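Visitor: The structure follows.
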Amino acid sequence: MSMVKLAQAENIIDAILARGRELDCRPLAVVVMEPGGHVKAFKKEDDSAMMRFEMACGKAYAALALGRSSSLVRQRTEQRPLFMRFLIEASEGRIFPEGGGRLIRDAAGEVIGAVGVTGDLETRDEELAAHGIRAAGLKTDEDCAHLGKRVRTQN
């Protein structure tokens, strides 16, 4: 199994933080995880709220665990609350169903990790996650839809 490299993880995080400053976002926290849910890299901006590490990890973990962005995991939570409650409990609370977690894919469309962003609005966190992935020369689910990979969309 291929995994996100440390240099790639650092590039993703740095691009997200830089873009967040350009957009005047609230202080951000960003984590990159390897498949399997192990943290590869993490940064938390000054004045970022408490528990941001746990939230960023929960978003990335949700993306990896369910194979879709964490905003889609949130939608699943609304549609099937009993099912998602079970998954959250089975993961010992590691899944955080809130937008800002995205799968990281390589050029072939294979999942090599996930990023979790927290600190601003859910939609902005999600947008920043995609920006960081692309800035590092990697792909999001949307970028790989044409490859015929099993990629989940909004439908």
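We name chains A, B, ... following the order of the structure tokens; residues begin at 1 in each chain, and ligands are numbered from 1 as shown.
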Excluding Lys40 in chain A and residues on its chain fewer than 2 positions from it, collect all residues at most 7 Å away from it, counting only C-alpha atoms, and give them as a ChimeraX atom specification.
Guide: /A:6,9,32-34,38
Visitor: Can you spit out the residues from that selection as a short mmCIF file (atom, residue, chain, number, x, y, z; two decimals), in the first residue's frame, using N, CA and C atoms?
Guide:
```cif
data_model
loop_
_atom_site.label_atom_id
_atom_site.label_comp_id
_atom_site.auth_asym_id
_atom_site.auth_seq_id
_atom_site.Cartn_x
_atom_site.Cartn_y
_atom_site.Cartn_z
N LEU A 6 6.07 12.28 3.99
CA LEU A 6 6.15 13.39 4.93
C LEU A 6 6.24 14.72 4.20
N ALA A 9 2.85 15.64 2.98
CA ALA A 9 2.00 16.04 4.10
C ALA A 9 2.32 17.47 4.53
N VAL A 32 -2.60 15.48 8.64
CA VAL A 32 -2.55 14.54 7.52
C VAL A 32 -2.33 13.16 8.14
N MET A 33 -3.18 12.21 7.71
CA MET A 33 -3.10 10.84 8.20
C MET A 33 -2.75 9.89 7.07
N GLU A 34 -2.06 8.83 7.45
CA GLU A 34 -1.81 7.72 6.53
C GLU A 34 -3.03 6.80 6.52
N HIS A 38 -3.02 6.62 11.07
CA HIS A 38 -1.85 7.10 11.82
C HIS A 38 -1.50 8.51 11.37
#
```
Visitor: Report the residues of chain A whose backbone DSSP state falls under strand (DSSP E or B), written as a PyMOL selection string.
Guide: chain A and resi 29-33+39-44+101-105+111-118+139
Visitor: Would you pick out the contacts of range 134-136 of chain A at 10 Å or less, using only C-alpha atoms, so that residues sharing its chain but fewer than 3 positions from it are not included, and give the list as a ChimeraX atom specification?
Guide: /A:7-16,104-105,128-131,139-140,143
Visitor: Given only C-alpha atoms as the basis, pick out the residue of A:Gly101, A:Gly58, A:Gly132, A:Gly93 nearest to Ser70 in chain A.
Guide: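 Among the listed residues, the smallest separation from Ser70 in chain A belongs to A:Gly101.
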Visitor: Find the distance between CA of Glu122 in chain A and CA of Glu98 in chain A and write it in Å to one decimal.
Guide: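 These atoms are spaced 6.9 Å apart.
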Visitor: Pick the closest to Leu66 in chain A from A:Val117, A:Glu54, A:Ala41, A:Met84: which is it, counting only C-alpha atoms?
Guide: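 Going through A:Val117, A:Glu54, A:Ala41, A:Met84 one by one, the smallest distance to Leu66 in chain A is for A:Met84.
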Visitor: Which residue gives the smallest distance to Met51 in chain A among A:Arg80, A:Ala108, A:Gly67, A:Thr118, with only C-alpha atoms counted?
Guide: A:Thr118
Visitor: Using only C-alpha atoms, pick whichever of A:Gly37, A:Ala62, A:Asp125, A:Arg52 has the shortest atom-to-atom distance to Val4 in chain A.
Guide: A:Gly37
Visitor: Could you pull the residues within 10 Å of Ser91 in chain A, counting only C-alpha atoms, minus those fewer than 3 positions along the same chain, as a list in words?
Guide: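 Using only C-alpha atoms, the neighbours found are Tyr61, Ala62, Ala65, Arg85, Phe86, Leu87, Ile88, Arg94 and Ile95 of chain A.
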Visitor: Can you tell me which residues surround Asp106 in chain A at a distance of at most 10 Å, considering only C-alpha atoms, apart from same-chain residues fewer than 6 positions away, and format the answer as a list in words?
Guide: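 Everything that qualifies: Ser2, Met3, Val4, Ile112, Gly113, Ile133, Gly137, Leu138, Lys139, Thr140 and Cys144 of chain A.
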